[in-house]
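In what follows, a structure is listed as structure tokens, so that the remarks can point back to it.
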Amino acid sequence: MSNIQPLTSDVAGPAGELLDSIKKKLGVVPNIFATFAHSPAVLEGYLAFSEALAGGVLPASLREQIAIAVAGENSCDYCASAHTALARGAGVSAEEAALNLEGKASDSRVAKILAFARSMVEKRGWLDESELAQLRSAGVSDEEFVEILAHVGLNLFTNYFNHIADTEVDFPLIRTGGKRYAA
């Protein structure tokens, strides 16, 4: 059972308004959003940041591939499941998404970006010059570089949120391998 229960769509006030707008846009309210709604500020902030990044230079397919790679590195089944479904809608094949979960890709440029994203997670942002050079050798512009960092950060938030909330997966389940922190 989840540690934080999702709110129902009949909740009143700002949370209800946000959930209604999500349902109108997507047709459903994913559990993560219904759980974020305990704090309308968190839900609104997440939606605004996500929407702003959607207007950036990275294509939807790459944004989803980054999310899948980060979910794989963090063993977040919820995000792996959600972003694999979204990636399919953005034209990423199931086979490619499975590679992305391991931080790999069939395209060499995407592979370098995903390796960079996973390394960023693993090393908590303390990357060495050779890792930055690898990304630059892929022709990544400063604008793309900054957006990649933002996408990793946004996905770290959702991964950690789902770990703590134990959000029930409401997408076709993708298992990440389940490595968990052990004290």
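All residue names refer to the structure tokens as shown: chains lettered A, B, ... in order, residues numbered from 1 in each chain, ligands numbered from 1 in order.
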
Review point. So which residues touch Glu131 (chain A) within 9 Å, counting only C-alpha atoms, skipping near sequence neighbours fewer than 5 positions away, as a list in words?
Key: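 My reading of the contact set: Ala115, Phe116, Ser119 and Arg136 of chain A.
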
Exercise for review: Just the helix (DSSP H, G or I) stuff from region 111-179 of chain A, please, per backbone DSSP, written as a PyMOL selection string.
Suggested key: chain A and resi 111-122+129-137+142-165

Please produce an output containing C-alpha atoms for each residue in the selection, written as a PDB file, in the first residue's frame.
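As written to disk, selection.pdb reads:
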```pdb
ATOM      1  CA  ALA A 111      23.677   6.982 -26.092  1.00  0.00           C
ATOM      2  CA  LYS A 112      26.194   9.657 -25.012  1.00  0.00           C
ATOM      3  CA  ILE A 113      23.412  11.834 -23.609  1.00  0.00           C
ATOM      4  CA  LEU A 114      21.895   8.950 -21.647  1.00  0.00           C
ATOM      5  CA  ALA A 115      25.294   7.833 -20.326  1.00  0.00           C
ATOM      6  CA  PHE A 116      25.891  11.418 -19.198  1.00  0.00           C
ATOM      7  CA  ALA A 117      22.475  11.574 -17.495  1.00  0.00           C
ATOM      8  CA  ARG A 118      23.033   8.318 -15.621  1.00  0.00           C
ATOM      9  CA  SER A 119      26.536   9.346 -14.617  1.00  0.00           C
ATOM     10  CA  MET A 120      25.137  12.613 -13.314  1.00  0.00           C
ATOM     11  CA  VAL A 121      22.768  10.640 -11.083  1.00  0.00           C
ATOM     12  CA  GLU A 122      25.395   8.143  -9.963  1.00  0.00           C
ATOM     13  CA  GLU A 129      36.051  16.857 -17.694  1.00  0.00           C
ATOM     14  CA  SER A 130      36.180  13.711 -19.838  1.00  0.00           C
ATOM     15  CA  GLU A 131      32.450  13.098 -19.283  1.00  0.00           C
ATOM     16  CA  LEU A 132      31.652  16.670 -20.257  1.00  0.00           C
ATOM     17  CA  ALA A 133      33.899  16.293 -23.316  1.00  0.00           C
ATOM     18  CA  GLN A 134      32.018  13.146 -24.355  1.00  0.00           C
ATOM     19  CA  LEU A 135      28.777  15.093 -24.316  1.00  0.00           C
ATOM     20  CA  ARG A 136      30.348  17.940 -26.271  1.00  0.00           C
ATOM     21  CA  SER A 137      31.757  15.458 -28.810  1.00  0.00           C
ATOM     22  CA  ASP A 142      24.843  24.845 -24.392  1.00  0.00           C
ATOM     23  CA  GLU A 143      21.057  25.116 -24.608  1.00  0.00           C
ATOM     24  CA  GLU A 144      20.696  21.344 -24.903  1.00  0.00           C
ATOM     25  CA  PHE A 145      23.240  20.837 -22.128  1.00  0.00           C
ATOM     26  CA  VAL A 146      21.273  23.034 -19.708  1.00  0.00           C
ATOM     27  CA  GLU A 147      17.996  21.314 -20.624  1.00  0.00           C
ATOM     28  CA  ILE A 148      19.523  17.857 -20.113  1.00  0.00           C
ATOM     29  CA  LEU A 149      20.567  18.949 -16.615  1.00  0.00           C
ATOM     30  CA  ALA A 150      17.042  20.251 -15.931  1.00  0.00           C
ATOM     31  CA  HIS A 151      15.417  17.017 -17.128  1.00  0.00           C
ATOM     32  CA  VAL A 152      17.675  14.928 -14.922  1.00  0.00           C
ATOM     33  CA  GLY A 153      16.821  17.153 -11.949  1.00  0.00           C
ATOM     34  CA  LEU A 154      13.082  16.993 -12.576  1.00  0.00           C
ATOM     35  CA  ASN A 155      13.250  13.222 -12.900  1.00  0.00           C
ATOM     36  CA  LEU A 156      15.299  12.867  -9.732  1.00  0.00           C
ATOM     37  CA  PHE A 157      12.456  14.613  -7.910  1.00  0.00           C
ATOM     38  CA  THR A 158       9.806  12.260  -9.294  1.00  0.00           C
ATOM     39  CA  ASN A 159      11.958   9.165  -8.715  1.00  0.00           C
ATOM     40  CA  TYR A 160      12.588  10.065  -5.092  1.00  0.00           C
ATOM     41  CA  PHE A 161       8.970  11.077  -4.586  1.00  0.00           C
ATOM     42  CA  ASN A 162       7.801   7.692  -5.865  1.00  0.00           C
ATOM     43  CA  HIS A 163      10.308   5.818  -3.714  1.00  0.00           C
ATOM     44  CA  ILE A 164       9.085   7.558  -0.569  1.00  0.00           C
ATOM     45  CA  ALA A 165       5.371   7.738  -1.424  1.00  0.00           C
TER      46      ALA A 165
END
```

Review point. Looking at A:Val140, A:Ile22, A:Leu7, A:Ala69, which one is nearest to Ser39 (chain A), with distances taken over only C-alpha atoms?
Key: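 That would be A:Leu7, the residue with the smallest distance to Ser39 (chain A).
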
Practice item. Please provide as a list in words all residues within 7 Å of region 74-76 of chain A, with the sequence filter that same-chain residues fewer than 3 positions apart are discarded (counting only C-alpha atoms). Key: Val70, Ala71, Cys79, Ala80, Asn159, His163, Thr176, Gly177, Gly178 and Lys179 of chain A

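Of the listed residues (A:Val169, A:Ile32, A:Ile174, A:Leu47), A:Ile174 comes nearest to Gly72 (chain A); the distances count only C-alpha atoms.
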
Practice item. Go through A:Arg175, A:Ala87, A:Glu168, A:Val29 one by one, measure the shortest atom-to-atom distance of each to Met1 (chain A) using only C-alpha atoms, and give the residue with the smallest value. Key: A:Glu168

Can you tell me which residues surround Glu44 (chain A) at a distance of at most 12 Å, considering only C-alpha atoms, apart from same-chain residues fewer than 2 positions away, and format the answer as a short mmCIF file (atom, residue, chain, number, x, y, z; two decimals) with C-alpha atoms, in the first residue's frame?
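In the end it all went to result-v7.cif:
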```
data_model
loop_
_atom_site.label_atom_id
_atom_site.label_comp_id
_atom_site.auth_asym_id
_atom_site.auth_seq_id
_atom_site.Cartn_x
_atom_site.Cartn_y
_atom_site.Cartn_z
CA PRO A 14 -6.86 24.36 -6.00
CA ALA A 15 -5.94 20.67 -5.91
CA GLY A 16 -9.28 19.72 -7.47
CA GLU A 17 -8.92 22.35 -10.17
CA LEU A 18 -5.45 21.09 -11.09
CA LEU A 19 -6.60 17.47 -11.13
CA SER A 21 -7.31 20.15 -15.81
CA ILE A 22 -5.04 17.09 -15.93
CA PHE A 33 -0.25 13.69 -9.95
CA ALA A 34 -3.07 12.67 -7.60
CA PHE A 36 1.38 15.44 -5.68
CA ALA A 37 -2.02 17.12 -5.24
CA HIS A 38 -1.71 16.89 -1.45
CA SER A 39 0.32 20.04 -2.05
CA PRO A 40 -1.21 22.08 -4.88
CA ALA A 41 2.03 24.09 -4.90
CA VAL A 42 4.05 20.94 -5.67
CA TYR A 46 5.89 20.23 -11.34
CA LEU A 47 3.40 20.88 -14.14
CA ALA A 48 4.85 24.33 -14.86
CA PHE A 49 8.45 23.08 -14.92
CA SER A 50 7.52 20.12 -17.10
CA GLU A 51 5.53 22.30 -19.50
#
```

Practice item. Go ahead and compute the interatomic distance for CA of Ala105 (chain A) and CA of Ala60 (chain A), in Å to one decimal. Key: 15.4 Å

Point to revise | Computed interatomic separation between CA of Lys123 (chain A) and CA of Gln65 (chain A) (Å) | key: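 Result for CA of Lys123 (chain A) versus CA of Gln65 (chain A): 19.5 Å, one decimal.
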
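In terms of minimum interatomic distance to Leu99 (chain A), A:Ile68 ranks closest within A:Leu62, A:Asp128, A:Ser81, A:Ile68, counting only C-alpha atoms.
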
**Study point:** Separation of CA of Thr84 (chain A) from CA of Ala67 (chain A) in Å
**Key:**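 If I compute the distance from CA of Ala67 (chain A) to CA of Thr84 (chain A), I get 8.7 Å.
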